[in-house]
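Listing of target.txt, compact mmCIF, C-alpha atoms
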# COMPACT_ATOMS: atom_id res chain seq x y z
CA MET A 976 54.54 -16.93 -15.72
CA LYS A 977 57.77 -16.81 -17.67
CA GLN A 978 60.97 -16.21 -15.74
CA GLU A 979 61.73 -13.20 -17.91
CA SER A 980 58.43 -11.61 -16.88
CA GLU A 981 59.07 -12.39 -13.22
CA LEU A 982 62.46 -10.70 -13.36
CA LYS A 983 60.97 -7.71 -15.17
CA LEU A 984 58.46 -7.39 -12.36
CA GLN A 985 61.26 -7.36 -9.84
CA ALA A 986 63.26 -4.81 -11.84
CA TYR A 987 60.11 -2.64 -11.82
CA LEU A 988 60.01 -2.89 -8.01
CA ASP A 989 63.68 -1.97 -7.72
CA GLY A 990 63.44 0.97 -10.10
CA GLU A 991 65.84 -0.60 -12.56
CA LEU A 992 63.61 -0.15 -15.62
CA SER A 993 63.51 2.74 -18.03
CA ARG A 994 60.43 4.98 -17.89
CA TRP A 995 59.02 3.42 -21.01
CA GLN A 996 59.51 -0.13 -19.69
CA ALA A 997 58.12 0.81 -16.29
CA ARG A 998 54.95 2.18 -17.91
CA LYS A 999 54.55 -1.06 -19.82
CA VAL A 1000 54.84 -3.15 -16.64
CA ALA A 1001 52.42 -0.89 -14.81
CA ALA A 1002 49.87 -1.45 -17.57
CA TRP A 1003 50.44 -5.18 -17.39
CA LEU A 1004 50.00 -5.21 -13.59
CA ALA A 1005 46.67 -3.43 -13.87
CA ASN A 1006 45.28 -6.40 -15.80
CA ASP A 1007 47.08 -9.38 -14.26
CA GLN A 1008 46.17 -10.49 -10.73
CA GLN A 1009 48.86 -13.16 -10.63
CA ALA A 1010 51.53 -10.62 -11.47
CA LYS A 1011 50.10 -8.27 -8.87
CA ALA A 1012 50.24 -11.01 -6.19
CA LEU A 1013 53.83 -11.81 -7.07
CA LEU A 1014 54.82 -8.16 -6.91
CA ASN A 1015 53.11 -7.94 -3.52
CA GLU A 1016 55.14 -10.87 -2.23
CA LEU A 1017 58.41 -9.35 -3.45
CA THR A 1018 57.43 -6.06 -1.81
CA ILE A 1019 56.76 -7.82 1.51
CA ALA A 1020 60.29 -9.25 1.51
CA LYS A 1021 61.83 -5.96 0.43
CA THR A 1022 60.11 -3.82 3.06
CA ALA A 1023 60.66 -6.36 5.84
CA LEU A 1024 64.39 -6.39 5.12
CA ALA A 1025 64.55 -2.61 4.89
CA ALA A 1026 62.88 -2.24 8.27
CA GLY A 1027 64.43 -5.12 10.12
CA GLU A 1028 68.14 -5.35 9.46
CA PRO A 1029 69.42 -7.46 12.35
CA GLU A 1030 71.45 -5.59 14.96
CA VAL A 1031 74.63 -7.41 15.92
CA LYS A 1032 77.07 -6.33 18.62
CA LEU A 1033 80.75 -7.07 18.51
CA PRO A 1034 81.41 -9.91 20.98
CA GLU A 1035 84.74 -8.41 22.16
CA SER A 1036 85.59 -5.51 24.45
CA ARG A 1037 86.57 -2.30 22.67
CA GLU A 1038 90.06 -2.31 24.22
CA PHE A 1039 90.81 -5.88 23.20
CA TYR A 1040 89.41 -5.37 19.70
CA TRP A 1041 91.42 -2.18 19.15
CA SER A 1042 94.61 -3.65 20.63
CA LYS A 1043 94.53 -6.45 18.04
CA ILE A 1044 94.01 -3.99 15.20
CA GLN A 1045 96.80 -1.77 16.50
CA ARG A 1046 99.16 -4.73 16.72
CA GLN A 1047 98.35 -5.78 13.16
CA ILE A 1048 98.90 -2.23 11.89
CA GLN A 1049 102.27 -2.06 13.64
CA THR A 1050 103.27 -5.42 12.16
CA VAL A 1051 102.23 -4.35 8.67
CA GLU A 1052 104.04 -1.01 8.97
CA MET A 1053 107.31 -2.46 10.24
CA PRO A 1054 110.01 -1.81 7.65
CA GLN A 1055 110.66 -4.99 5.72
CA PRO A 1056 114.32 -6.00 5.29
CA ARG A 1057 115.60 -5.08 1.82
CA PRO A 1058 115.95 -8.05 -0.47
CA VAL A 1059 119.62 -8.96 -0.98
CA PRO A 1060 120.69 -8.65 -4.65
CA ALA A 1061 121.24 -11.95 -6.43
CA PHE A 1062 124.90 -11.28 -7.17
CA LEU A 1063 125.53 -10.76 -3.44
CA VAL A 1064 123.86 -14.05 -2.63
CA ALA A 1065 126.12 -15.79 -5.17
CA TRP A 1066 129.16 -14.04 -3.67
CA ARG A 1067 128.13 -15.11 -0.18
CA ARG A 1068 128.04 -18.72 -1.35
CA LEU A 1069 131.59 -18.41 -2.65
CA LEU A 1070 132.87 -16.34 0.24
CA ALA A 1071 133.09 -19.13 2.83
CA PRO A 1072 135.15 -21.56 0.70
CA LEU A 1073 137.30 -18.65 -0.54
CA ALA A 1074 138.01 -17.55 3.02
CA GLY A 1075 138.98 -21.12 3.89
CA VAL A 1076 141.38 -21.37 0.95
CA ALA A 1077 142.91 -17.97 1.79
CA LEU A 1078 143.51 -19.04 5.39
CA ILE A 1079 145.20 -22.27 4.32
CA LEU A 1080 147.43 -20.35 1.86
CA PHE A 1081 148.38 -17.80 4.50
CA LEU A 1082 149.26 -20.44 7.06
CA THR A 1083 151.31 -22.38 4.48
CA VAL A 1084 153.31 -19.32 3.40
CA PHE A 1085 153.76 -18.19 6.98
CA SER A 1086 155.01 -21.57 8.14
CA PHE A 1087 157.45 -21.74 5.18
CA GLN A 1088 158.80 -18.33 6.16
CA MET A 1089 159.19 -19.47 9.73
CA TYR A 1090 160.98 -22.53 8.46
CA ASP A 1091 163.34 -20.38 6.31
CA ALA A 1092 163.98 -17.97 9.15
CA GLY A 1093 164.94 -20.87 11.37
CA GLU A 1094 167.53 -22.10 8.81
CA ASP A 1095 170.37 -20.71 10.92
CA SER A 1096 169.07 -22.14 14.07
CA ARG A 1097 168.97 -25.61 12.68
CA HIS A 1098 172.25 -26.14 14.43
CA HIS A 1099 172.09 -24.50 17.76
CA LEU A 1100 174.72 -24.41 20.42
CA ALA A 1101 173.84 -23.22 23.87
CA VAL A 1102 175.27 -22.99 27.32
CA VAL A 1103 173.11 -24.83 29.74
CA GLU A 1104 172.68 -23.17 33.08
CA ASN A 1105 173.98 -25.29 35.79
CA LEU A 1106 173.83 -24.72 39.50
CA SER A 1107 176.72 -27.01 40.35
CA GLU A 1108 180.05 -25.36 41.11
CA HIS A 1109 182.05 -28.33 39.85
CA THR A 1110 180.40 -29.21 36.56
CA GLY A 1111 179.48 -27.24 33.46
CA ALA A 1112 177.38 -28.19 30.41
CA TYR A 1113 176.96 -27.32 26.74
CA SER A 1114 174.12 -28.43 24.57
CA PHE A 1115 174.00 -28.88 20.81
CA ARG A 1116 170.80 -29.19 18.89
CA SER A 1117 170.43 -30.08 15.24
CA GLN A 1118 166.99 -30.05 13.67
CA SER A 1119 168.10 -31.63 10.42
CA GLU A 1120 169.80 -34.48 12.23
CA LYS A 1121 167.11 -34.58 14.84
CA MET A 1122 169.61 -34.69 17.62
CA PHE A 1123 170.22 -32.97 20.89
CA VAL A 1124 173.58 -33.45 22.63
CA VAL A 1125 174.62 -32.23 26.05
CA TRP A 1126 178.29 -32.13 27.11
CA VAL A 1127 178.94 -32.24 30.75
CA TYR A 1128 182.48 -31.33 31.86
CA ASP A 1129 184.49 -30.78 34.97
CA ARG A 1130 184.79 -27.08 35.81
CA SER A 1131 188.04 -27.42 37.63
CA GLU A 1132 189.72 -28.59 34.40
CA GLU A 1133 188.30 -25.60 32.51
CA THR A 1134 189.65 -23.24 35.16
CA ASP A 1135 193.10 -24.79 35.06
CA ALA A 1136 193.35 -24.75 31.27
CA GLU A 1137 191.91 -21.31 30.58
CA SER A 1138 193.02 -19.33 33.67
CA ASP A 1139 194.39 -15.92 32.91
CA PRO A 1140 196.87 -14.64 35.48
CA ALA A 1141 195.93 -11.02 34.79
CA GLU A 1142 192.28 -11.73 35.34
CA ASP A 1143 193.01 -13.58 38.47
CA GLN A 1144 194.78 -10.56 39.67
CA VAL A 1145 191.85 -8.28 38.99
CA ASP A 1146 189.56 -10.64 40.82
CA GLN A 1147 191.84 -10.53 43.76
CA MET B 977 102.36 3.22 29.48
CA PRO B 978 103.33 5.85 32.06
CA PHE B 979 100.51 7.23 34.17
CA TRP B 980 100.48 10.73 32.67
CA ALA B 981 100.65 9.39 29.13
CA ALA B 982 97.61 7.20 29.88
CA VAL B 983 95.73 10.15 31.36
CA GLN B 984 96.62 12.24 28.31
CA THR B 985 95.42 9.51 25.93
CA MET B 986 92.13 9.22 27.81
CA ALA B 987 91.67 12.97 27.67
CA THR B 988 92.35 12.98 23.92
CA GLN B 989 89.84 10.17 23.40
CA GLN B 990 87.20 12.11 25.31
CA ASP B 991 87.92 15.16 23.18
CA ASN B 992 87.61 13.08 20.00
CA SER B 993 84.15 11.80 20.88
CA ALA B 994 82.73 15.23 19.99
CA VAL B 995 84.63 15.46 16.67
CA GLY B 996 82.93 14.52 13.39
CA ASP B 997 84.06 11.60 11.20
CA ASP B 998 85.40 13.88 8.46
CA LYS B 999 87.76 15.67 10.80
CA LEU B 1000 88.91 12.42 12.38
CA VAL B 1001 89.54 10.94 8.94
CA ARG B 1002 91.67 13.92 7.93
CA ARG B 1003 93.69 13.60 11.13
CA ALA B 1004 94.06 9.86 10.63
CA GLN B 1005 95.20 10.48 7.05
CA ARG B 1006 98.06 12.51 8.53
CA GLY B 1007 99.01 9.51 10.65
CA ASP B 1008 97.06 10.27 13.85
CA MET B 1009 96.45 6.82 15.31
CA VAL B 1010 94.28 8.16 18.17
CA ALA B 1011 91.89 9.66 15.62
CA PHE B 1012 91.75 6.33 13.78
CA GLU B 1013 91.11 4.51 17.06
CA GLU B 1014 88.11 6.78 17.66
CA LEU B 1015 86.77 5.89 14.19
CA VAL B 1016 87.21 2.19 14.92
CA LEU B 1017 85.45 2.47 18.27
CA ARG B 1018 82.63 4.47 16.69
CA HIS B 1019 81.88 2.09 13.81
CA ARG B 1020 83.14 -1.26 15.02
CA ASP B 1021 79.66 -2.73 15.55
CA LYS B 1022 78.46 -1.76 12.07
CA ILE B 1023 81.52 -3.24 10.34
CA TYR B 1024 81.38 -6.39 12.43
CA ALA B 1025 77.61 -6.72 11.82
CA ARG B 1026 78.13 -6.61 8.05
CA ALA B 1027 80.84 -9.27 8.24
CA PHE B 1028 78.66 -11.42 10.48
CA SER B 1029 75.59 -11.09 8.25
CA MET B 1030 77.61 -12.40 5.33
CA MET B 1031 79.69 -15.07 7.03
CA ARG B 1032 77.25 -16.20 9.76
CA ASN B 1033 80.26 -17.08 11.89
CA GLU B 1034 81.37 -15.00 14.88
CA GLU B 1035 85.07 -15.84 14.76
CA GLU B 1036 85.38 -15.28 11.01
CA ALA B 1037 83.42 -12.06 11.27
CA VAL B 1038 85.71 -10.69 14.00
CA ASP B 1039 88.84 -11.61 12.01
CA LEU B 1040 87.52 -10.15 8.76
CA SER B 1041 86.31 -6.97 10.39
CA GLN B 1042 89.74 -6.45 11.97
CA GLU B 1043 91.42 -7.12 8.65
CA ALA B 1044 89.12 -4.52 7.12
CA TRP B 1045 90.24 -1.90 9.67
CA VAL B 1046 93.89 -2.65 8.98
CA LYS B 1047 93.26 -2.32 5.23
CA GLY B 1048 91.30 0.86 5.91
CA TRP B 1049 94.29 2.36 7.72
CA GLN B 1050 96.64 1.35 4.91
CA ARG B 1051 94.39 2.81 2.19
CA LEU B 1052 93.23 5.84 4.15
CA LYS B 1053 95.05 8.22 1.83
CA GLN B 1054 92.95 6.91 -1.08
CA PHE B 1055 89.72 7.90 0.69
CA GLN B 1056 88.50 11.03 -1.06
CA GLY B 1057 85.24 11.49 0.86
CA GLU B 1058 82.95 10.65 -2.09
CA SER B 1059 80.91 8.50 0.29
CA SER B 1060 80.81 8.52 4.07
CA PHE B 1061 83.72 6.95 5.89
CA VAL B 1062 81.56 4.16 7.30
CA THR B 1063 80.18 3.34 3.82
CA TRP B 1064 83.73 3.19 2.50
CA MET B 1065 84.76 0.87 5.34
CA THR B 1066 81.67 -1.29 4.78
CA ARG B 1067 82.69 -1.75 1.13
CA ILE B 1068 86.12 -2.92 2.29
CA VAL B 1069 84.70 -5.49 4.68
CA ILE B 1070 82.19 -6.69 2.06
CA ASN B 1071 85.00 -7.26 -0.44
CA LEU B 1072 86.98 -9.21 2.14
CA CYS B 1073 83.93 -11.34 2.94
CA LEU B 1074 83.26 -12.00 -0.76
CA ASP B 1075 86.89 -13.08 -1.22
CA GLN B 1076 86.59 -15.39 1.76
CA LEU B 1077 83.31 -16.85 0.50
CA ARG B 1078 84.86 -17.47 -2.91
CA LYS B 1079 87.76 -19.33 -1.27
CA GLN B 1080 85.31 -21.42 0.72
CA LYS B 1081 83.24 -22.12 -2.39
CA ARG B 1082 86.30 -23.47 -4.17
CA HIS B 1083 86.68 -26.04 -1.40
CA ARG B 1084 82.97 -26.83 -1.32
CA ALA B 1085 81.56 -29.38 -3.74
CA GLU B 1086 79.04 -27.92 -6.14
CA SER B 1087 75.85 -29.70 -5.09
CA ILE B 1088 72.76 -30.12 -7.21
CA GLU B 1089 70.92 -27.96 -4.73
CA LEU B 1090 73.36 -25.12 -5.32
CA MET B 1091 73.00 -25.38 -9.08
CA GLU B 1092 69.22 -25.38 -8.81
CA GLU B 1093 69.25 -22.24 -6.72
CA GLU B 1094 69.96 -19.96 -9.62
CA SER B 1095 67.20 -21.44 -11.73
CA GLY B 1096 64.83 -21.47 -8.75
CA GLY B 1097 64.64 -25.21 -8.12
CA VAL B 1098 62.52 -25.34 -4.95
CA GLU B 1099 61.52 -21.68 -4.93
CA ARG B 1100 59.58 -22.05 -8.18
CA GLN B 1101 57.15 -24.44 -6.47
CA MET B 1102 56.50 -22.19 -3.48
CA PRO B 1103 53.03 -20.64 -3.08
CA VAL B 1104 52.85 -16.88 -3.37
CA VAL B 1105 52.61 -15.15 0.03
CA THR B 1106 49.61 -12.87 -0.05
CA VAL B 1107 49.27 -11.71 3.55
CA ASN B 1108 52.15 -9.74 5.05
CA PRO B 1109 53.59 -12.04 7.75
CA THR B 1110 55.49 -9.20 9.40
CA ALA B 1111 52.50 -6.92 9.94
CA GLY B 1112 52.12 -5.87 13.56
CA LEU B 1113 55.50 -7.18 14.64
CA GLU B 1114 57.65 -5.19 17.04
CA ARG B 1115 60.92 -3.98 15.50
CA GLN B 1116 62.95 -6.31 17.72
CA GLU B 1117 60.80 -9.30 16.83
CA LEU B 1118 61.04 -8.47 13.12
CA ARG B 1119 64.84 -8.26 13.39
CA GLN B 1120 65.01 -11.62 15.07
CA ARG B 1121 62.88 -13.27 12.42
CA ILE B 1122 64.83 -11.75 9.59
CA ASP B 1123 68.06 -12.87 11.21
CA LYS B 1124 66.68 -16.39 11.55
CA ALA B 1125 65.53 -16.40 7.91
CA LEU B 1126 68.84 -15.05 6.61
CA ALA B 1127 70.63 -17.89 8.40
CA GLN B 1128 68.46 -20.38 6.49
CA LEU B 1129 69.30 -18.98 3.05
CA SER B 1130 72.15 -20.19 0.89
CA VAL B 1131 75.32 -18.08 0.81
CA GLU B 1132 74.50 -16.79 -2.68
CA HIS B 1133 70.94 -15.80 -1.84
CA ARG B 1134 71.93 -14.20 1.45
CA THR B 1135 74.79 -12.23 -0.12
CA VAL B 1136 72.66 -10.81 -2.91
CA LEU B 1137 69.96 -9.77 -0.43
CA ILE B 1138 72.50 -8.05 1.85
CA LEU B 1139 74.11 -6.19 -1.01
CA HIS B 1140 70.80 -5.09 -2.50
CA GLU B 1141 68.61 -4.45 0.53
CA PHE B 1142 71.10 -3.40 3.20
CA GLU B 1143 73.84 -1.84 1.10
CA GLU B 1144 71.42 -0.56 -1.55
CA LEU B 1145 73.68 -1.50 -4.44
CA GLU B 1146 72.33 -1.64 -7.98
CA TYR B 1147 72.22 -4.89 -9.99
CA LYS B 1148 75.26 -3.83 -12.03
CA GLU B 1149 77.37 -3.10 -8.95
CA ILE B 1150 76.36 -6.38 -7.29
CA ALA B 1151 77.27 -8.31 -10.44
CA LYS B 1152 80.69 -6.66 -10.44
CA ARG B 1153 81.34 -7.47 -6.82
CA MET B 1154 80.01 -11.02 -6.99
CA GLN B 1155 81.79 -11.58 -10.31
CA CYS B 1156 78.69 -12.86 -12.11
CA SER B 1157 76.25 -11.60 -14.75
CA ILE B 1158 73.43 -9.14 -14.09
CA GLY B 1159 70.99 -11.89 -15.09
CA THR B 1160 72.36 -14.15 -12.35
CA VAL B 1161 72.04 -11.35 -9.81
CA MET B 1162 68.41 -10.74 -10.81
CA SER B 1163 67.59 -14.40 -10.68
CA ARG B 1164 69.27 -14.91 -7.30
CA LEU B 1165 67.60 -11.85 -5.87
CA PHE B 1166 64.17 -12.94 -7.11
CA TYR B 1167 64.36 -16.40 -5.55
CA ALA B 1168 66.03 -15.09 -2.39
CA ARG B 1169 63.11 -12.71 -1.87
CA ARG B 1170 60.57 -15.43 -2.54
CA LYS B 1171 62.23 -17.71 -0.05
CA MET B 1172 62.51 -14.94 2.51
CA ALA B 1173 58.77 -14.15 2.20
CA ASN B 1174 57.91 -17.82 2.59
CA LEU B 1175 60.17 -18.29 5.61
CA LEU B 1176 58.61 -15.26 7.31
CA ALA B 1177 55.15 -16.63 6.53
CA GLY B 1178 56.22 -19.95 8.04
CA TYR B 1179 57.30 -18.28 11.28
CA LYS B 1180 53.96 -16.52 11.42
CA ARG B 1181 52.13 -19.83 11.00
CA GLU B 1182 54.26 -21.35 13.78
CA GLU B 1183 53.36 -18.46 16.02
CA LEU B 1184 49.63 -18.89 15.37
CA SER B 1185 49.51 -22.64 15.76
Any chance you could give the structure as structure tokens?
Amino acid sequence: MKQESELKLQAYLDGELSRWQARKVAAWLANDQQAKALLNELTIAKTALAAGEPEVKLPESREFYWSKIQRQIQTVEMPQPRPVPAFLVAWRRLLAPLAGVALILFLTVFSFQMYDAGEDSRHHLAVVENLSEHTGAYSFRSQSEKMFVVWVYDRSEETDAESDPAEDQVDQ
Amino acid sequence: MPFWAAVQTMATQQDNSAVGDDKLVRRAQRGDMVAFEELVLRHRDKIYARAFSMMRNEEEAVDLSQEAWVKGWQRLKQFQGESSFVTWMTRIVINLCLDQLRKQKRHRAESIELMEEESGGVERQMPVVTVNPTAGLERQELRQRIDKALAQLSVEHRTVLILHEFEELEYKEIAKRMQCSIGTVMSRLFYARRKMANLLAGYKREELS
């Protein structure tokens, strides 16, 4: 039997033929035992399958099965982070080096200002505290000359030279 | 979950068991997860069974059936009630299985045997089964034999039989889903049926001998 005829026979069984074609096949079947036998075989398979679809049970407990589905649904429904626009990504790439440069500039300007503000204090004269009754001390510091000088002197001489009789009187 | 919340959930689930699918679907469409859970619990075996019949692998069938439920939840608003909810869900799981089978086929070498299947290589030589080998069988026994026979068929033959006999899809619809011509569907179905009849006859002979 030709394959085309076999498939026509099957289409007849499945009700996929037009009325006219179905009538033609029915007439053919009435006169062809081989076709009839083949149709019978196809019918056996069809009816067996229709009546005996295997029953399969889920091999997992209902709670476990549902919990996995629920978890997946929650994961799927979690709001996804918005994609960052391309121009922002490019800016972010530039931002770190720019911030570095800005910091360096700021520190440079700030240190120059500090340097300028300290212009007057490049030469600094100060009285050094001294706990001795007999000696006094002055210090002189020069940043430009990189020097620091301390004068130590005898206090008794200072008192003799600079004593003010009026003051002495007040003290008394 | 706090005790009272758990008690409340259990009570809601018990209430839902008396509610019809349509009502549960409408509630689930409004975002009621408890209603959707009831639908899952009600039809989980059917959806899993379809996945298993196509994949013949427990682990894959569980994964695909779960994926189908997640997809079902996501697309629930698209469900218009033209078919029953379980039919709609079955179509989703079938599509996922077909996708998976296609992926597997891409990795599998096309053997000569596979190419011959569509033109009926071995099946053409098989004798025609004249006596019904399933006559007088108990329903359970018949199911077992059919299950055994389905496992022996090629993926293509098994799939076309499932879609036609269990899902009652027409040739045109099967062709669309399997992404092949109607002629190929007819040919595959013809040889799948012939092989099925012969396998069942073989089991009968084994039983008698």
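Atom CA of A:Lys983 sits 17.2 Å away from atom CA of B:Val1136.
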For chain B, which residues have at least one atom within 6 Å of chain A, if we go by all atoms listed in the file? Write them as a CSV table (one decimal) with C-alpha atoms, in the coordinates of the input, please.
chain,number,residue,atom,x,y,z
B,1021,ASP,CA,79.7,-2.7,15.6
B,1025,ALA,CA,77.6,-6.7,11.8
B,1042,GLN,CA,89.7,-6.4,12.0
B,1046,VAL,CA,93.9,-2.6,9.0
B,1105,VAL,CA,52.6,-15.2,0.0
B,1118,LEU,CA,61.0,-8.5,13.1
B,1119,ARG,CA,64.8,-8.3,13.4
B,1123,ASP,CA,68.1,-12.9,11.2
B,1169,ARG,CA,63.1,-12.7,-1.9
B,1173,ALA,CA,58.8,-14.2,2.2
What is the atom CA of B:Cys1156-atom CA of B:Arg1170 distance in Å, reported with one decimal?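 Separation of atom CA of B:Cys1156 and atom CA of B:Arg1170: 20.7 Å.
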Pull the neighbourhood of (91.7, 6.6, 6.0) for me: all residues within 12 Å in file coordinates, counting only C-alpha atoms, as a PyMOL selection string. chain B and resi 997-1009+1011-1013+1015-1016+1044-1057+1060-1062+1064-1065+1068
Quick one: distance from atom CA of B:Ile1122 to atom CA of B:Thr1135 in Å, one decimal?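 Atom-to-atom, atom CA of B:Ile1122 to atom CA of B:Thr1135, that is 13.9 Å.
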All residues 12 Å or closer to B:Gln1155, only C-alpha atoms, same chain fewer than 6 positions away omitted, as a PDB file with C-alpha atoms, in the frame of the given file:
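Final output, saved to part-v1.pdb:
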ATOM      1  CA  ASN B1071      85.000  -7.260  -0.440  1.00  0.00           C
ATOM      2  CA  LEU B1074      83.260 -12.000  -0.760  1.00  0.00           C
ATOM      3  CA  ASP B1075      86.890 -13.080  -1.220  1.00  0.00           C
ATOM      4  CA  ARG B1078      84.860 -17.470  -2.910  1.00  0.00           C
ATOM      5  CA  GLU B1132      74.500 -16.790  -2.680  1.00  0.00           C
ATOM      6  CA  VAL B1136      72.660 -10.810  -2.910  1.00  0.00           C
ATOM      7  CA  TYR B1147      72.220  -4.890  -9.990  1.00  0.00           C
ATOM      8  CA  LYS B1148      75.260  -3.830 -12.030  1.00  0.00           C
ATOM      9  CA  GLU B1149      77.370  -3.100  -8.950  1.00  0.00           C
ATOM     10  CA  VAL B1161      72.040 -11.350  -9.810  1.00  0.00           C
TER      11      VAL B1161
END
Just checking: using only C-alpha atoms, which residue out of B:Arg1020, B:Arg1026, B:Arg1032, B:Arg1181 ends up closest to B:Asn1108?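 Selected residue with least distance to B:Asn1108: B:Arg1181.
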Contact residues around B:Arg1134 with only C-alpha atoms at 12 Å, ignoring same-chain residues under 4 positions, as a PyMOL selection string: (chain A and resi 1024) or (chain B and resi 1026+1028-1032+1074+1077+1093+1122-1130+1138-1142+1161+1164-1169+1171-1172)
Return stretch 1161-1177 of chain B, completed with N, CA and C atoms, as a PDB file, keeping the file's coordinate frame.
ATOM      1  N   VAL B1161      72.390 -12.153 -10.994  1.00  0.00           N
ATOM      2  CA  VAL B1161      72.040 -11.350  -9.810  1.00  0.00           C
ATOM      3  C   VAL B1161      70.528 -11.230  -9.700  1.00  0.00           C
ATOM      4  N   MET B1162      69.869 -10.904 -10.825  1.00  0.00           N
ATOM      5  CA  MET B1162      68.410 -10.740 -10.810  1.00  0.00           C
ATOM      6  C   MET B1162      67.708 -12.024 -10.411  1.00  0.00           C
ATOM      7  N   SER B1163      68.192 -13.113 -10.967  1.00  0.00           N
ATOM      8  CA  SER B1163      67.590 -14.400 -10.680  1.00  0.00           C
ATOM      9  C   SER B1163      67.767 -14.780  -9.204  1.00  0.00           C
ATOM     10  N   ARG B1164      69.006 -14.587  -8.709  1.00  0.00           N
ATOM     11  CA  ARG B1164      69.270 -14.910  -7.300  1.00  0.00           C
ATOM     12  C   ARG B1164      68.428 -14.043  -6.361  1.00  0.00           C
ATOM     13  N   LEU B1165      68.340 -12.779  -6.711  1.00  0.00           N
ATOM     14  CA  LEU B1165      67.600 -11.850  -5.870  1.00  0.00           C
ATOM     15  C   LEU B1165      66.108 -12.220  -5.843  1.00  0.00           C
ATOM     16  N   PHE B1166      65.588 -12.586  -7.002  1.00  0.00           N
ATOM     17  CA  PHE B1166      64.170 -12.940  -7.110  1.00  0.00           C
ATOM     18  C   PHE B1166      63.847 -14.133  -6.203  1.00  0.00           C
ATOM     19  N   TYR B1167      64.645 -15.189  -6.343  1.00  0.00           N
ATOM     20  CA  TYR B1167      64.360 -16.400  -5.550  1.00  0.00           C
ATOM     21  C   TYR B1167      64.705 -16.205  -4.078  1.00  0.00           C
ATOM     22  N   ALA B1168      65.700 -15.365  -3.794  1.00  0.00           N
ATOM     23  CA  ALA B1168      66.030 -15.090  -2.390  1.00  0.00           C
ATOM     24  C   ALA B1168      64.857 -14.375  -1.713  1.00  0.00           C
ATOM     25  N   ARG B1169      64.245 -13.446  -2.438  1.00  0.00           N
ATOM     26  CA  ARG B1169      63.110 -12.710  -1.870  1.00  0.00           C
ATOM     27  C   ARG B1169      61.906 -13.632  -1.670  1.00  0.00           C
ATOM     28  N   ARG B1170      61.701 -14.503  -2.646  1.00  0.00           N
ATOM     29  CA  ARG B1170      60.570 -15.430  -2.540  1.00  0.00           C
ATOM     30  C   ARG B1170      60.757 -16.344  -1.337  1.00  0.00           C
ATOM     31  N   LYS B1171      61.962 -16.815  -1.175  1.00  0.00           N
ATOM     32  CA  LYS B1171      62.230 -17.710  -0.050  1.00  0.00           C
ATOM     33  C   LYS B1171      62.101 -16.961   1.275  1.00  0.00           C
ATOM     34  N   MET B1172      62.587 -15.756   1.301  1.00  0.00           N
ATOM     35  CA  MET B1172      62.510 -14.940   2.510  1.00  0.00           C
ATOM     36  C   MET B1172      61.037 -14.736   2.906  1.00  0.00           C
ATOM     37  N   ALA B1173      60.194 -14.383   1.925  1.00  0.00           N
ATOM     38  CA  ALA B1173      58.770 -14.150   2.200  1.00  0.00           C
ATOM     39  C   ALA B1173      58.125 -15.429   2.733  1.00  0.00           C
ATOM     40  N   ASN B1174      58.486 -16.551   2.147  1.00  0.00           N
ATOM     41  CA  ASN B1174      57.910 -17.820   2.590  1.00  0.00           C
ATOM     42  C   ASN B1174      58.395 -18.230   3.982  1.00  0.00           C
ATOM     43  N   LEU B1175      59.661 -17.966   4.271  1.00  0.00           N
ATOM     44  CA  LEU B1175      60.170 -18.290   5.610  1.00  0.00           C
ATOM     45  C   LEU B1175      59.473 -17.440   6.668  1.00  0.00           C
ATOM     46  N   LEU B1176      59.298 -16.157   6.369  1.00  0.00           N
ATOM     47  CA  LEU B1176      58.610 -15.260   7.310  1.00  0.00           C
ATOM     48  C   LEU B1176      57.159 -15.702   7.511  1.00  0.00           C
ATOM     49  N   ALA B1177      56.536 -16.140   6.434  1.00  0.00           N
ATOM     50  CA  ALA B1177      55.150 -16.630   6.530  1.00  0.00           C
ATOM     51  C   ALA B1177      55.110 -17.905   7.378  1.00  0.00           C
TER      52      ALA B1177
END
